[in-house]
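Next comes protein-v4.tsv, with TSV, C-alpha atoms.
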chain	number	residue	atom	x	y	z
O	1	MET	CA	-59.63	154.98	78.56
O	2	VAL	CA	-62.82	153.42	79.84
O	3	HIS	CA	-62.67	150.83	77.10
O	4	GLY	CA	-59.13	149.95	78.17
O	5	LEU	CA	-60.16	149.55	81.79
O	6	TRP	CA	-63.07	147.33	80.83
O	7	THR	CA	-60.95	145.18	78.51
O	8	GLY	CA	-58.24	144.72	81.12
O	9	TRP	CA	-60.72	143.80	83.80
O	10	ILE	CA	-62.44	141.21	81.60
O	11	LEU	CA	-59.11	139.68	80.58
O	12	GLU	CA	-58.07	139.50	84.22
O	13	HIS	CA	-61.11	137.64	85.36
O	14	MET	CA	-61.34	135.34	82.36
O	15	PHE	CA	-57.76	134.24	82.93
O	16	LEU	CA	-58.12	134.07	86.70
O	17	SER	CA	-61.25	132.01	86.56
O	18	PHE	CA	-60.05	129.75	83.75
O	19	LEU	CA	-57.29	128.46	85.97
O	20	LEU	CA	-59.38	128.58	89.10
O	21	MET	CA	-62.09	126.32	87.73
O	22	ALA	CA	-59.97	123.49	86.33
O	23	HIS	CA	-60.21	120.67	88.90
O	24	PHE	CA	-60.61	120.95	92.63
O	25	SER	CA	-60.18	119.17	95.88
O	26	LEU	CA	-62.27	120.47	98.79
O	27	LEU	CA	-59.19	120.66	100.97
O	28	ASP	CA	-56.54	123.27	101.52
O	29	PHE	CA	-54.17	122.47	98.65
O	30	ARG	CA	-51.00	122.68	100.69
O	31	GLY	CA	-51.34	119.00	101.46
O	32	ALA	CA	-53.36	117.75	98.53
O	33	THR	CA	-53.31	117.89	94.75
O	34	SER	CA	-55.71	116.98	91.99
O	35	GLU	CA	-54.90	115.37	88.67
O	36	TYR	CA	-53.95	117.92	86.01
O	37	MET	CA	-55.03	120.72	88.33
O	38	MET	CA	-53.89	124.32	88.44
O	39	LEU	CA	-55.45	126.63	91.03
O	40	ILE	CA	-55.13	130.42	91.14
O	41	MET	CA	-54.56	131.46	94.75
O	42	ASP	CA	-54.80	135.21	94.17
O	43	GLY	CA	-55.51	137.63	91.33
O	44	LYS	CA	-55.07	141.33	90.77
O	45	TYR	CA	-55.04	143.69	87.80
O	46	GLU	CA	-52.54	146.53	88.17
O	47	ARG	CA	-52.39	149.55	85.86
O	48	THR	CA	-48.69	150.33	86.10
O	49	PHE	CA	-45.65	150.44	83.85
O	50	LEU	CA	-42.14	149.08	84.08
O	51	ARG	CA	-39.10	149.89	81.99
O	52	LYS	CA	-37.47	146.56	82.58
O	53	THR	CA	-37.17	143.18	80.90
O	54	TYR	CA	-36.76	140.04	82.92
O	55	ALA	CA	-34.53	137.06	82.43
O	56	GLY	CA	-34.66	133.79	84.24
O	57	GLN	CA	-35.33	130.11	84.07
O	58	LEU	CA	-38.36	128.67	82.36
O	59	ARG	CA	-40.35	126.62	84.84
O	60	THR	CA	-43.76	125.05	84.60
O	61	HIS	CA	-45.90	124.09	87.59
O	62	LEU	CA	-48.38	121.26	87.26
O	63	LEU	CA	-50.53	119.75	89.99
O	64	LEU	CA	-49.78	122.69	92.28
O	65	PRO	CA	-51.73	125.69	93.56
O	66	ILE	CA	-50.77	129.06	92.19
O	67	SER	CA	-50.79	132.62	93.52
O	68	ALA	CA	-51.00	135.16	90.71
O	69	ILE	CA	-51.26	138.87	90.04
O	70	PHE	CA	-51.43	140.97	86.89
O	71	PHE	CA	-50.10	144.32	85.72
O	72	VAL	CA	-49.95	146.31	82.50
O	73	PHE	CA	-46.59	146.69	80.76
O	74	ALA	CA	-46.52	148.92	77.67
O	75	TYR	CA	-49.95	147.77	76.47
O	76	SER	CA	-49.26	144.22	77.55
O	77	ILE	CA	-50.79	142.27	80.38
O	78	LEU	CA	-48.17	140.53	82.48
O	79	GLN	CA	-49.01	137.86	84.99
O	80	VAL	CA	-46.88	137.06	88.02
O	81	TYR	CA	-47.67	133.75	89.67
O	82	ALA	CA	-46.18	131.48	92.30
O	83	SER	CA	-46.80	127.85	93.07
O	84	LEU	CA	-45.72	125.46	95.80
O	85	SER	CA	-42.07	126.31	95.25
O	86	PRO	CA	-39.80	129.33	95.87
O	87	ILE	CA	-40.11	130.38	92.20
O	88	VAL	CA	-42.22	133.36	91.11
O	89	ASN	CA	-42.84	133.49	87.37
O	90	ILE	CA	-43.62	136.37	85.00
O	91	VAL	CA	-45.41	135.70	81.73
O	92	ASN	CA	-46.94	137.93	79.08
O	93	VAL	CA	-50.55	136.77	78.70
O	94	GLY	CA	-51.51	139.20	75.96
O	95	THR	CA	-50.39	142.29	74.04
O	96	SER	CA	-52.09	144.82	71.83
O	97	THR	CA	-50.88	142.90	68.77
O	98	THR	CA	-50.47	139.30	69.92
O	99	GLU	CA	-52.98	137.02	71.58
O	100	SER	CA	-51.84	134.48	74.10
O	101	TYR	CA	-53.25	130.98	73.75
O	102	ALA	CA	-53.33	129.33	77.19
O	103	ASN	CA	-49.75	130.59	77.69
O	104	VAL	CA	-48.46	127.95	75.27
O	105	THR	CA	-46.63	130.50	73.15
O	106	ASP	CA	-45.25	132.55	76.04
O	107	ILE	CA	-41.99	132.43	77.97
O	108	HIS	CA	-42.32	132.06	81.73
O	109	ASP	CA	-39.40	133.89	83.35
O	110	GLY	CA	-38.57	132.52	86.79
O	111	LEU	CA	-37.51	134.64	89.77
O	112	ASP	CA	-35.90	132.44	92.41
O	113	PHE	CA	-36.82	133.70	95.88
O	114	SER	CA	-34.57	131.14	97.55
O	115	LEU	CA	-31.39	132.92	96.41
O	116	HIS	CA	-30.77	134.56	99.76
O	117	ASP	CA	-27.96	133.93	102.23
O	118	ASP	CA	-30.38	133.10	105.04
O	119	VAL	CA	-32.34	130.46	103.13
O	120	VAL	CA	-31.36	126.97	104.28
O	121	TYR	CA	-34.21	124.86	102.87
O	122	SER	CA	-36.86	125.06	100.20
O	123	PHE	CA	-40.23	126.67	100.83
O	124	ASN	CA	-43.58	127.44	99.20
O	125	ILE	CA	-44.99	130.84	98.31
O	126	PHE	CA	-48.63	131.39	99.32
O	127	SER	CA	-49.09	135.07	98.45
O	128	VAL	CA	-47.43	137.51	96.06
O	129	LYS	CA	-48.25	141.18	95.41
O	130	PHE	CA	-46.91	144.05	93.33
O	131	SER	CA	-46.00	147.40	94.79
O	132	SER	CA	-48.17	150.16	93.36
O	133	ASP	CA	-45.39	151.35	91.03
O	134	GLY	CA	-44.75	147.82	89.79
O	135	ARG	CA	-41.07	147.89	90.73
O	136	GLU	CA	-41.17	145.38	93.59
O	137	LEU	CA	-42.84	142.16	94.62
O	138	VAL	CA	-43.62	141.12	98.18
O	139	ALA	CA	-44.29	137.46	98.96
O	140	GLY	CA	-45.35	135.39	101.96
O	141	SER	CA	-44.03	131.88	102.37
O	142	SER	CA	-44.23	128.59	104.23
O	143	ASP	CA	-40.90	129.23	105.98
O	144	CYS	CA	-42.63	131.91	108.12
O	145	SER	CA	-40.94	134.70	106.17
O	146	ILE	CA	-41.66	137.72	103.98
O	147	TYR	CA	-39.60	138.25	100.84
O	148	VAL	CA	-39.14	141.45	98.81
O	149	TYR	CA	-37.89	141.27	95.22
O	150	ASP	CA	-36.61	144.29	93.27
O	151	LEU	CA	-37.76	143.81	89.68
O	152	GLU	CA	-35.64	146.64	88.27
O	153	ALA	CA	-32.46	145.28	89.86
O	154	ASN	CA	-33.70	141.74	89.17
O	155	LYS	CA	-32.68	140.47	92.60
O	156	LEU	CA	-34.05	139.51	95.98
O	157	THR	CA	-33.46	142.40	98.38
O	158	SER	CA	-35.01	141.31	101.68
O	159	ARG	CA	-35.95	138.26	103.68
O	160	ILE	CA	-37.80	139.03	106.90
O	161	PRO	CA	-38.35	136.22	109.46
O	162	ALA	CA	-41.86	137.42	110.18
O	163	HIS	CA	-44.08	134.88	111.95
O	164	SER	CA	-44.03	131.58	113.79
O	165	SER	CA	-46.14	129.81	111.15
O	166	ASP	CA	-47.05	130.00	107.44
O	167	VAL	CA	-47.39	133.53	106.07
O	168	ASN	CA	-50.65	133.21	104.14
O	169	THR	CA	-51.01	136.81	103.00
O	170	VAL	CA	-48.92	139.94	102.43
O	171	THR	CA	-49.58	143.33	100.85
O	172	PHE	CA	-48.09	146.79	100.60
O	173	ALA	CA	-49.97	149.27	102.78
O	174	ASP	CA	-50.00	152.20	100.35
O	175	ASP	CA	-48.33	153.75	97.32
O	176	THR	CA	-45.10	154.58	99.17
O	177	GLY	CA	-44.10	150.93	99.56
O	178	HIS	CA	-42.62	151.62	103.00
O	179	LEU	CA	-45.16	149.62	105.01
O	180	ILE	CA	-46.01	145.94	104.56
O	181	TYR	CA	-48.90	144.09	106.23
O	182	SER	CA	-48.71	140.35	106.83
O	183	GLY	CA	-51.05	137.67	108.20
O	184	SER	CA	-50.20	134.17	109.33
O	185	ASP	CA	-51.42	130.89	110.73
O	186	ASP	CA	-50.01	132.10	114.05
O	187	ASN	CA	-53.24	134.22	114.16
O	188	LEU	CA	-51.39	137.53	114.12
O	189	CYS	CA	-51.40	140.50	111.78
O	190	LYS	CA	-48.12	142.39	111.68
O	191	VAL	CA	-46.91	145.71	110.32
O	192	TRP	CA	-43.41	146.12	108.91
O	193	ASP	CA	-41.74	149.48	108.27
O	194	ARG	CA	-38.87	149.03	105.87
O	195	ARG	CA	-37.41	152.42	106.82
O	196	CYS	CA	-36.83	151.33	110.42
O	197	PHE	CA	-35.09	147.98	110.17
O	198	THR	CA	-32.43	148.77	112.78
O	199	THR	CA	-32.55	145.13	113.79
O	200	LYS	CA	-33.11	142.38	111.27
O	201	GLY	CA	-36.72	141.30	111.27
O	202	GLN	CA	-37.81	143.91	113.80
O	203	VAL	CA	-41.57	144.31	113.54
O	204	ALA	CA	-43.10	147.78	113.64
O	205	GLY	CA	-46.18	146.48	115.40
O	206	VAL	CA	-48.43	143.51	116.14
O	207	LEU	CA	-52.23	143.41	116.00
O	208	THR	CA	-53.94	140.73	118.07
O	209	GLY	CA	-57.56	139.64	117.77
O	210	HIS	CA	-58.04	136.64	115.51
O	211	LEU	CA	-58.51	133.32	117.30
O	212	GLU	CA	-57.39	131.27	114.29
O	213	GLY	CA	-55.12	131.75	111.28
O	214	VAL	CA	-55.34	134.79	109.00
O	215	THR	CA	-56.20	133.90	105.39
O	216	PHE	CA	-56.10	137.28	103.64
O	217	ILE	CA	-55.35	140.97	104.13
O	218	ASP	CA	-56.59	143.91	102.06
O	219	SER	CA	-55.29	147.43	102.63
O	220	ARG	CA	-57.52	150.48	102.39
O	221	GLY	CA	-54.57	152.11	100.64
O	222	ASP	CA	-54.11	154.93	103.14
O	223	GLY	CA	-51.30	153.39	105.20
O	224	ARG	CA	-53.55	153.25	108.24
O	225	TYR	CA	-56.50	150.86	107.90
O	226	PHE	CA	-56.72	147.30	106.63
O	227	ILE	CA	-59.01	144.28	106.93
O	228	SER	CA	-58.20	140.62	107.46
O	229	ASN	CA	-60.14	137.42	106.93
O	230	GLY	CA	-59.66	134.68	109.53
O	231	LYS	CA	-60.31	131.01	110.07
O	232	ASP	CA	-62.23	132.04	113.19
O	233	GLN	CA	-65.00	132.93	110.68
O	234	THR	CA	-64.57	136.69	111.05
O	235	ILE	CA	-63.32	139.69	109.13
O	236	LYS	CA	-61.62	142.28	111.31
O	237	MET	CA	-60.78	145.90	110.61
O	238	TRP	CA	-57.58	147.33	112.02
O	239	ASP	CA	-56.05	150.73	112.63
O	240	ILE	CA	-52.27	150.41	112.82
O	241	ARG	CA	-52.17	153.26	115.35
O	242	LYS	CA	-53.52	150.73	117.86
O	243	MET	CA	-50.78	148.17	117.27
O	244	SER	CA	-48.52	147.00	120.08
O	245	SER	CA	-44.83	146.17	120.05
O	246	THR	CA	-45.32	142.60	121.30
O	247	VAL	CA	-48.02	139.96	121.59
O	248	ASN	CA	-50.00	140.80	124.71
O	249	CYS	CA	-51.84	137.55	125.33
O	250	PHE	CA	-52.10	134.05	123.97
O	251	ARG	CA	-55.42	133.19	122.36
O	252	PRO	CA	-57.97	130.75	123.73
O	253	ARG	CA	-57.36	127.50	121.89
O	254	ILE	CA	-59.97	125.30	120.23
O	255	SER	CA	-58.48	121.84	120.61
O	256	ASN	CA	-58.40	119.41	117.69
O	257	TRP	CA	-60.13	121.79	115.28
O	258	ASP	CA	-58.83	122.06	111.69
O	259	TYR	CA	-60.60	124.36	109.24
O	260	ARG	CA	-59.81	122.01	106.37
O	261	TYR	CA	-61.94	119.15	107.68
O	262	THR	CA	-64.65	120.23	110.12
O	263	GLN	CA	-67.12	123.03	110.72
O	264	TYR	CA	-66.26	125.76	113.19
O	265	PRO	CA	-67.69	124.85	116.63
O	266	PRO	CA	-71.02	126.73	116.97
O	267	ASP	CA	-70.43	127.45	120.66
O	268	LYS	CA	-67.17	129.26	119.76
O	269	LYS	CA	-68.70	131.50	117.10
O	270	TYR	CA	-68.84	134.60	119.29
O	271	MET	CA	-65.75	133.90	121.36
O	272	LYS	CA	-63.57	136.99	121.64
O	273	HIS	CA	-59.85	137.30	122.11
O	274	PRO	CA	-59.11	138.80	125.56
O	275	SER	CA	-56.70	141.30	123.96
O	276	ASP	CA	-58.61	142.07	120.76
O	277	GLN	CA	-57.20	145.26	119.20
O	278	SER	CA	-59.45	145.37	116.14
O	279	LEU	CA	-61.79	148.29	115.41
O	280	ALA	CA	-64.67	146.13	114.18
O	281	THR	CA	-65.60	142.51	113.56
O	282	TYR	CA	-67.83	141.25	110.73
O	283	ARG	CA	-69.58	137.87	110.99
O	284	GLY	CA	-71.85	135.79	108.80
O	285	HIS	CA	-69.65	134.27	106.12
O	286	SER	CA	-67.77	130.99	106.37
O	287	VAL	CA	-63.99	130.49	106.08
O	288	LEU	CA	-63.32	126.79	105.62
O	289	ARG	CA	-61.19	124.47	103.48
O	290	THR	CA	-59.30	127.25	101.64
O	291	LEU	CA	-57.82	130.74	102.07
O	292	ILE	CA	-60.89	132.86	101.29
O	293	ARG	CA	-60.38	136.50	100.29
O	294	CYS	CA	-61.99	139.74	101.49
O	295	TYR	CA	-61.79	143.31	100.14
O	296	PHE	CA	-62.80	146.92	100.55
O	297	SER	CA	-65.28	148.01	97.90
O	298	PRO	CA	-63.89	150.45	95.26
O	299	ALA	CA	-63.15	154.03	96.24
O	300	TYR	CA	-64.34	155.47	92.92
O	301	SER	CA	-67.86	154.03	92.89
O	302	THR	CA	-68.61	153.35	96.58
O	303	GLY	CA	-66.18	155.40	98.65
O	304	GLN	CA	-64.98	152.12	100.22
O	305	LYS	CA	-68.11	152.05	102.38
O	306	TYR	CA	-68.50	148.27	102.07
O	307	ILE	CA	-66.48	145.13	102.74
O	308	TYR	CA	-67.13	142.04	100.63
O	309	THR	CA	-65.90	138.47	100.83
O	310	GLY	CA	-66.30	135.00	99.39
O	311	SER	CA	-67.56	132.22	101.61
O	312	HIS	CA	-67.46	128.46	101.93
O	313	ASP	CA	-71.29	128.36	101.92
O	314	ALA	CA	-71.28	129.29	98.19
O	315	CYS	CA	-72.25	132.96	98.69
O	316	VAL	CA	-70.72	136.41	98.47
O	317	TYR	CA	-71.29	138.57	101.56
O	318	ILE	CA	-71.30	142.37	101.64
O	319	TYR	CA	-71.01	144.24	104.93
O	320	ASP	CA	-71.42	147.90	105.81
O	321	VAL	CA	-68.03	149.15	107.04
O	322	VAL	CA	-69.41	151.44	109.74
O	323	SER	CA	-72.38	149.53	111.14
O	324	GLY	CA	-71.05	146.03	110.49
O	325	ASP	CA	-74.46	145.01	109.14
O	326	GLN	CA	-74.70	142.40	106.42
O	327	VAL	CA	-76.30	144.37	103.58
O	328	GLU	CA	-76.27	141.66	100.91
O	329	ARG	CA	-75.85	137.91	100.57
O	330	LEU	CA	-75.43	136.93	96.93
O	331	ASP	CA	-76.56	133.35	96.53
O	332	GLY	CA	-75.84	132.06	93.04
O	333	HIS	CA	-73.22	129.31	93.39
O	334	GLN	CA	-73.31	125.70	94.49
O	335	LEU	CA	-69.85	125.36	96.07
O	336	ALA	CA	-67.36	127.55	97.92
O	337	VAL	CA	-66.68	131.06	96.60
O	338	ARG	CA	-62.97	131.59	97.14
O	339	ASP	CA	-62.53	134.91	95.42
O	340	CYS	CA	-64.56	137.83	94.11
O	341	SER	CA	-63.83	141.24	92.63
O	342	TRP	CA	-65.81	144.48	92.48
O	343	HIS	CA	-65.20	146.41	89.27
O	344	PRO	CA	-63.25	149.61	90.08
O	345	TYR	CA	-65.55	151.80	87.94
O	346	TYR	CA	-68.59	149.89	86.73
O	347	PRO	CA	-71.50	148.83	88.97
O	348	MET	CA	-70.87	145.11	88.91
O	349	LEU	CA	-69.14	142.34	90.83
O	350	VAL	CA	-67.82	138.95	89.74
O	351	SER	CA	-67.34	135.82	91.83
O	352	SER	CA	-65.57	132.55	91.08
O	353	SER	CA	-66.50	129.30	92.74
O	354	TRP	CA	-65.45	125.70	93.10
O	355	ASP	CA	-68.63	124.81	91.22
O	356	GLY	CA	-66.76	125.81	88.04
O	357	ARG	CA	-68.71	129.00	87.34
O	358	ILE	CA	-68.03	132.70	87.13
O	359	ALA	CA	-70.99	134.79	88.25
O	360	ARG	CA	-71.41	138.40	87.22
O	361	TRP	CA	-73.62	140.47	89.53
O	362	GLU	CA	-75.03	143.72	88.18
O	363	PHE	CA	-76.44	146.69	90.05
O	364	SER	CA	-79.53	148.71	89.25
O	365	GLY	CA	-79.49	152.39	88.36
O	366	ASN	CA	-78.56	154.26	91.51
O	367	GLY	CA	-75.58	152.04	92.34
O	368	GLU	CA	-76.49	151.24	95.94
O	369	VAL	CA	-75.60	147.78	97.18
O	370	SER	CA	-79.20	147.34	98.36
O	371	ASP	CA	-80.22	147.43	94.71
O	372	LEU	CA	-77.99	144.52	93.75
O	373	ILE	CA	-80.20	141.96	92.10
O	374	ASP	CA	-80.04	138.54	93.78
O	375	ARG	CA	-80.31	135.93	91.03
O	376	SER	CA	-80.13	132.81	93.14
O	377	ARG	CA	-82.95	131.21	91.14
O	378	GLY	CA	-81.98	129.85	87.74
O	379	PRO	CA	-78.88	131.96	87.00
O	380	ILE	CA	-78.39	130.32	83.60
O	381	ARG	CA	-81.77	131.62	82.41
O	382	SER	CA	-81.28	135.11	83.84
O	383	GLN	CA	-80.83	137.89	81.31
O	384	MET	CA	-79.04	140.10	83.83
O	385	PHE	CA	-76.70	137.53	85.34
O	386	ARG	CA	-74.26	135.74	83.10
O	387	VAL	CA	-72.62	132.47	84.12
O	388	MET	CA	-69.69	131.23	82.07
O	389	TYR	CA	-68.65	127.57	82.23
O	390	LEU	CA	-64.99	126.81	81.76
structure tokens encoding of this file:
Amino acid sequence: MVHGLWTGWILEHMFLSFLLMAHFSLLDFRGATSEYMMLIMDGKYERTFLRKTYAGQLRTHLLLPISAIFFVFAYSILQVYASLSPIVNIVNVGTSTTESYANVTDIHDGLDFSLHDDVVYSFNIFSVKFSSDGRELVAGSSDCSIYVYDLEANKLTSRIPAHSSDVNTVTFADDTGHLIYSGSDDNLCKVWDRRCFTTKGQVAGVLTGHLEGVTFIDSRGDGRYFISNGKDQTIKMWDIRKMSSTVNCFRPRISNWDYRYTQYPPDKKYMKHPSDQSLATYRGHSVLRTLIRCYFSPAYSTGQKYIYTGSHDACVYIYDVVSGDQVERLDGHQLAVRDCSWHPYYPMLVSSSWDGRIARWEFSGNGEVSDLIDRSRGPIRSQMFRVMYL
């Protein structure tokens, strides 16, 4: 079992980082592309099973950013990815008997998220996630909406007009699949209860606190707490029991600032929203140019006592959940770290950067974050820190 977990995790990150490192622009890729470039926008490895085959159109996406997630299907590894279109694709990237070669030999089955009565124009998908049982997908889009796709029925089941701007991130709150969290460029985090849709698009609650757009949300998995990364250069922790039914107050606005082009104004760094509902705020990392991810550390090995995130300043930051202290700053890259992943069982962490490298960080014996070895000097020569060039 352990061998299977390890193999799956390695395959996930090799594939994720292979696409991530191809060619880059230092801008948010919604408005820019790079020649022969494919960019993974998101990556997850899910250990779940489906008793369903999928049919659809074969579509390829070149010169476009991609949001992707993985899950296991009868000893196969399936990837679901979305690009700057309303199509989400499923492809088998490896089985126990067949090896996939850069997806050349695989069929990409397309799920068209625009096949809904309320859709009047095309849109882009920025985030896509599996439910914990692998039966549904939830997606966030550029038409300010959330979409839910039933994989067993092979049809789109819900379109929720959710925000007033791009929905950058969505996720299921827990294993039940009833609650969905969303974050948007309208600076709001919202909670949606699918059991209580008495009115179409009726939100269960709104959480106010970010001063700029929300780039990513990660759920603690208990249906109560989650964290969000924001363009205001903060991570915030939320308790949905504190949510309100409406937006209480408009945020202070930083005029003419765009996270894609300029640094965050230093004098605004500690500005606080007058109606901030968050439980805690974590500062130190940098969220610029791209939708940087943040996560809770694994429950199995750390008890979720840490929060970790990539950063535009080429580092990985680790914060203590309770105190908010920055306990580690992993400095081993040369360009922005967009994504990172803490192994669910083993004492190691990987990060992928726009410098074209994957960095593997290993812990010492007792497994405390404070014992993480910082190999910022000469990572190629380090025996404990492996860098793979793609």
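The space separating atom CA of Val88 of chain O from atom CA of Gly205 of chain O comes to 27.9 Å.
Using all atoms listed in the file, the shortest contact distance between Thr169 of chain O and any of O:Ser142, O:Gln202, O:Thr215, O:Ser131 is found at O:Thr215.
In this structure, atom CA of Val206 of chain O sits 5.3 Å away from atom CA of Ser244 of chain O.
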Would you pick out the contacts of Val287 of chain O at 12 Å or less, using all atoms listed in the file, so that residues sharing its chain but fewer than 6 positions from it are not included, and give the list as a PDB file with C-alpha atoms, in the frame of the given file?
ATOM      1  CA  ASP O  28     -56.540 123.270 101.520  1.00  0.00           C
ATOM      2  CA  GLU O 212     -57.390 131.270 114.290  1.00  0.00           C
ATOM      3  CA  GLY O 213     -55.120 131.750 111.280  1.00  0.00           C
ATOM      4  CA  VAL O 214     -55.340 134.790 109.000  1.00  0.00           C
ATOM      5  CA  THR O 215     -56.200 133.900 105.390  1.00  0.00           C
ATOM      6  CA  PHE O 216     -56.100 137.280 103.640  1.00  0.00           C
ATOM      7  CA  SER O 228     -58.200 140.620 107.460  1.00  0.00           C
ATOM      8  CA  ASN O 229     -60.140 137.420 106.930  1.00  0.00           C
ATOM      9  CA  GLY O 230     -59.660 134.680 109.530  1.00  0.00           C
ATOM     10  CA  LYS O 231     -60.310 131.010 110.070  1.00  0.00           C
ATOM     11  CA  ASP O 232     -62.230 132.040 113.190  1.00  0.00           C
ATOM     12  CA  GLN O 233     -65.000 132.930 110.680  1.00  0.00           C
ATOM     13  CA  THR O 234     -64.570 136.690 111.050  1.00  0.00           C
ATOM     14  CA  ILE O 235     -63.320 139.690 109.130  1.00  0.00           C
ATOM     15  CA  ASP O 258     -58.830 122.060 111.690  1.00  0.00           C
ATOM     16  CA  TYR O 259     -60.600 124.360 109.240  1.00  0.00           C
ATOM     17  CA  ARG O 260     -59.810 122.010 106.370  1.00  0.00           C
ATOM     18  CA  TYR O 261     -61.940 119.150 107.680  1.00  0.00           C
ATOM     19  CA  THR O 262     -64.650 120.230 110.120  1.00  0.00           C
ATOM     20  CA  GLN O 263     -67.120 123.030 110.720  1.00  0.00           C
ATOM     21  CA  TYR O 264     -66.260 125.760 113.190  1.00  0.00           C
ATOM     22  CA  ARG O 293     -60.380 136.500 100.290  1.00  0.00           C
ATOM     23  CA  CYS O 294     -61.990 139.740 101.490  1.00  0.00           C
ATOM     24  CA  THR O 309     -65.900 138.470 100.830  1.00  0.00           C
ATOM     25  CA  GLY O 310     -66.300 135.000  99.390  1.00  0.00           C
ATOM     26  CA  SER O 311     -67.560 132.220 101.610  1.00  0.00           C
ATOM     27  CA  HIS O 312     -67.460 128.460 101.930  1.00  0.00           C
ATOM     28  CA  ASP O 313     -71.290 128.360 101.920  1.00  0.00           C
ATOM     29  CA  ALA O 314     -71.280 129.290  98.190  1.00  0.00           C
ATOM     30  CA  CYS O 315     -72.250 132.960  98.690  1.00  0.00           C
ATOM     31  CA  VAL O 316     -70.720 136.410  98.470  1.00  0.00           C
ATOM     32  CA  TYR O 317     -71.290 138.570 101.560  1.00  0.00           C
ATOM     33  CA  ALA O 336     -67.360 127.550  97.920  1.00  0.00           C
ATOM     34  CA  VAL O 337     -66.680 131.060  96.600  1.00  0.00           C
ATOM     35  CA  ARG O 338     -62.970 131.590  97.140  1.00  0.00           C
ATOM     36  CA  ASP O 339     -62.530 134.910  95.420  1.00  0.00           C
TER      37      ASP O 339
END
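Of the residues listed (O:Ser286, O:Asn154, O:Asn168, O:Ser351), O:Ser286 shows the shortest atom-to-atom separation from Pro265 of chain O; distances use all atoms listed in the file.
Nearest residue to Phe296 of chain O among O:Tyr181, O:Tyr345, O:Phe226, O:Trp361 is O:Phe226, counting only C-alpha atoms.
Rounded to one decimal, atom CA of Lys242 of chain O and atom CA of Gly209 of chain O lie 11.8 Å from each other.
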**Complete:** In terms of only C-alpha atoms, the residue from O:Ser182, O:Thr171, O:Ser297, O:Ser219 at minimal distance from Lys129 of chain O is O:Thr171
**Close residues, Leu179 of chain O itself excluded, 9 Å, all atoms listed in the file, min 6 positions apart in chain, as a list in words** = Thr171, Phe172, Ala173, Val191, Trp192, Asp193, Arg194, Arg195 and Gly223 of chain O
**Request:** Would you list the contacts of Lys272 of chain O as an MDAnalysis selection string, taking every protein, DNA or RNA residue within 12 Å and counting all atoms listed in the file, but skipping same-chain residues closer than 5 positions in sequence?
**Result:** chainID O and resid 208:212 232:234 236 251:253 267 277:278 280:281
**Request:** Return the single residue from O:Asp174, O:Arg283, O:Asp143, O:Ile318 that is closest to Arg220 of chain O, with distances computed using only C-alpha atoms.
**Result:** O:Asp174
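Nearest residue to Gly221 of chain O, choosing from O:Ile254, O:Val327, O:Ile90, O:Ala299 and counting only C-alpha atoms: O:Ala299.
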